[in-house]
Amino acid sequence: MQSLINKKNFIYLLIFFSILKIFISYFYGDDFYEMEWAIIVKNLINNFIFSYHEINGQKVPTAYMPPLYAYILYAFSVFGLSEYLTVKIVLFFQCFLSGISTFFFYKILKKYFGEKTSIIFSLIFFLFPLNFYSATQISSVSLQISIFILFLFYFLNSTDSSDFFKIGIFAGLATLIRGEFWLLFLILILFRLLQKKNKLKHYFILLVTFVIIVSPTIIRNFIVFEELVITKSSGYNLWRGNSKSLNINGENIETYEIEKQKKYLKQKLLNENNLKKYEIYLDKIYFNEAYENIKNNTKQYIYHYLKKLFAFSFFNFSSNYPNYFHPVVFVPEIIISIFGIIGIFQNLISKKINFELQIIIFYYLTLIPIFFVLPRYKLFILPLYIIFSAYLFTFLSNKIFSKKQ
């Protein structure tokens, strides 16, 4: 009897669950733009300006958020539909892309594991509650994970010039949706160069493609802010994760001193007719505040970093997000974290160490806790946790079956 766990049935299940996700997004997903996206997208639609802050009735150019997701939301507005219908179409697109990227995730797993293992862990990834739910929300994280998986697939399976062209495209898009990705991309390319795996022309194609994708944003920001940046919020994010309240979740309760500096900055730039530099100087205010906090009480903030690392890599016992402590949410997170972490170390000491995946997981585990931890950030490392869990599962299976023989 042929096994039910096969590629054909896997595709049927992906289609079924993708359709189910679309229905859930229609009835239970977001109905309107949320939080900062609402401000930025409406400014694009109504004023044709990429802006988040407004001072004295003037729209201030922004580099606060990476631009890709905002422009995708804006692109869907060309249909001229109501905000409600536009949002639903965006959610349908995210659900569809989530299914497609899961199929590519299955192909990544197939590089290292057998058919059944790859199918089972691909379905675990797709149905993981936080991942399944994320596509039903107006949030860049669902699109970010899909782009990351496509990047990872072509990066791990690169052989010819067309693959490196695609790597450049998805690396550029990943950078435009999460500003810190460029550094990971650079580290991975340097690692590949040291290994001397590919021809120099491949890296040339890769870098040229990457530059073409990100250059419009960099040029725009240089013209507006006179700085070579993709986003300008690292100081703010550092402060959110290292404020005097020592809050893991990044609550942004500003001190009187920050409020005073913001008020002075606004007036100063208004007088100079230079409001376009507001976010640049504002980010420095937040950075200086965070730096002073860390410098003045380094031991306390090192301990705070370790707490954030635990919350990010395992489970956030201090989370204040709604429904985070619901069993459907926290039980799968704890299970996959345990298996993922053990799998990382098991692979690290094995003869089949996957250096590229180890670089990526340690990059995120090191970087994210420097700032702050939100539940959706777990999705940054979920694909890697799933892969390392599959490594652990394969290792244990081989041990068990070898003993039986």
# chains A, B, ... in the order shown; residues from 1 in each chain; ligands from 1
$ residues_around --residues "A:Met35" --least-positions-apart "2" --cutoff "12 Å" --atoms "only C-alpha atoms" --output "number ranges by chain"
A: 30, 32-33, 37-42, 52, 65, 70, 137-140
$ write_last_selection --atoms "N, CA and C atoms" --output "tab-separated table (two decimals), in the first residue's frame"
chain	number	residue	atom	x	y	z
A	30	ASP	N	-7.60	41.13	9.71
A	30	ASP	CA	-7.75	42.59	9.81
A	30	ASP	C	-8.74	43.09	8.76
A	32	PHE	N	-8.88	46.70	8.34
A	32	PHE	CA	-8.34	47.99	7.91
A	32	PHE	C	-6.84	48.01	8.17
A	33	TYR	N	-6.15	49.00	7.61
A	33	TYR	CA	-4.73	49.14	7.86
A	33	TYR	C	-4.50	49.37	9.35
A	37	TRP	N	1.33	51.37	9.54
A	37	TRP	CA	0.99	51.17	8.13
A	37	TRP	C	-0.18	52.05	7.71
A	38	ALA	N	-1.12	52.24	8.62
A	38	ALA	CA	-2.28	53.07	8.30
A	38	ALA	C	-1.85	54.50	7.96
A	39	ILE	N	-0.92	55.04	8.75
A	39	ILE	CA	-0.46	56.42	8.53
A	39	ILE	C	0.33	56.52	7.23
A	40	ILE	N	1.29	55.62	7.05
A	40	ILE	CA	2.18	55.71	5.89
A	40	ILE	C	1.42	55.48	4.59
A	41	VAL	N	0.57	54.45	4.55
A	41	VAL	CA	-0.15	54.13	3.31
A	41	VAL	C	-1.13	55.24	2.96
A	42	LYS	N	-1.83	55.78	3.95
A	42	LYS	CA	-2.78	56.85	3.67
A	42	LYS	C	-2.08	58.12	3.20
A	52	TYR	N	5.56	59.49	7.86
A	52	TYR	CA	4.94	58.94	9.07
A	52	TYR	C	4.60	60.06	10.07
A	65	MET	N	10.27	53.21	8.67
A	65	MET	CA	9.93	51.84	8.32
A	65	MET	C	10.59	51.46	7.00
A	70	ALA	N	5.02	48.84	2.67
A	70	ALA	CA	4.15	50.01	2.49
A	70	ALA	C	3.82	50.22	1.02
A	137	GLN	N	-3.03	39.06	8.95
A	137	GLN	CA	-2.87	40.37	9.58
A	137	GLN	C	-2.11	41.32	8.66
A	138	ILE	N	-2.42	42.61	8.78
A	138	ILE	CA	-1.65	43.62	8.07
A	138	ILE	C	-0.36	43.82	8.84
A	139	SER	N	0.64	43.05	8.45
A	139	SER	CA	1.95	43.07	9.06
A	139	SER	C	2.95	42.59	8.04
A	140	SER	N	4.13	43.17	8.05
A	140	SER	CA	5.14	42.81	7.05
A	140	SER	C	5.76	41.45	7.31
$ residues_around --residues "A:Tyr281" --least-positions-apart "2" --cutoff "12 Å" --atoms "only C-alpha atoms" --output "list of chain:residue names"
A:Ala63, A:Phe225, A:Glu227, A:Lys232, A:Ser233, A:Gly235, A:Tyr236, A:Gln261, A:Lys262, A:Tyr264, A:Leu265, A:Lys266, A:Lys268, A:Leu269, A:Asn274, A:Leu275, A:Lys276, A:Lys277, A:Tyr278, A:Glu279, A:Asp283, A:Lys284, A:Ile285, A:Tyr286, A:Phe287, A:Asn288
$ residues_around --residues "A:Ile218" --least-positions-apart "2" --cutoff "8 Å" --atoms "only C-alpha atoms" --output "PyMOL selection string"
chain A and resi 214-216+220-222+228-230
$ write_last_selection --atoms "N, CA, C and O atoms" --output "tab-separated table (two decimals), in the first residue's frame"
chain	number	residue	atom	x	y	z
A	214	VAL	N	17.92	47.73	-4.31
A	214	VAL	CA	17.90	48.62	-3.13
A	214	VAL	C	18.25	50.07	-3.46
A	214	VAL	O	17.99	50.97	-2.66
A	215	SER	N	18.85	50.31	-4.63
A	215	SER	CA	19.37	51.66	-4.92
A	215	SER	C	18.29	52.75	-4.97
A	215	SER	O	18.58	53.88	-4.51
A	216	PRO	N	17.07	52.50	-5.49
A	216	PRO	CA	16.08	53.59	-5.47
A	216	PRO	C	15.80	54.12	-4.07
A	216	PRO	O	15.69	55.34	-3.87
A	220	ARG	N	16.89	57.84	-2.81
A	220	ARG	CA	15.85	58.72	-2.27
A	220	ARG	C	16.22	59.21	-0.88
A	220	ARG	O	16.11	60.41	-0.56
A	221	ASN	N	16.71	58.30	-0.01
A	221	ASN	CA	17.06	58.67	1.35
A	221	ASN	C	18.27	59.59	1.40
A	221	ASN	O	18.36	60.48	2.25
A	222	PHE	N	19.21	59.39	0.47
A	222	PHE	CA	20.38	60.27	0.44
A	222	PHE	C	19.98	61.68	0.02
A	222	PHE	O	20.47	62.67	0.58
A	228	LEU	N	23.40	57.77	3.67
A	228	LEU	CA	23.23	56.51	2.94
A	228	LEU	C	22.59	55.49	3.87
A	228	LEU	O	23.26	54.72	4.56
A	229	VAL	N	21.26	55.51	3.91
A	229	VAL	CA	20.53	54.60	4.79
A	229	VAL	C	19.35	53.98	4.04
A	229	VAL	O	18.85	54.55	3.08
A	230	ILE	N	18.94	52.81	4.50
A	230	ILE	CA	17.71	52.19	4.00
A	230	ILE	C	16.58	52.50	4.97
A	230	ILE	O	15.49	52.90	4.57
$ closest_residue --among "A:Ile280, A:Ile167, A:Leu183, A:Leu44" --to "A:Val208" --atoms "only C-alpha atoms"
A:Ile167
$ closest_residue --among "A:Lys8, A:Lys299, A:Lys201, A:Arg178" --to "A:Ile145" --atoms "only C-alpha atoms"
A:Arg178
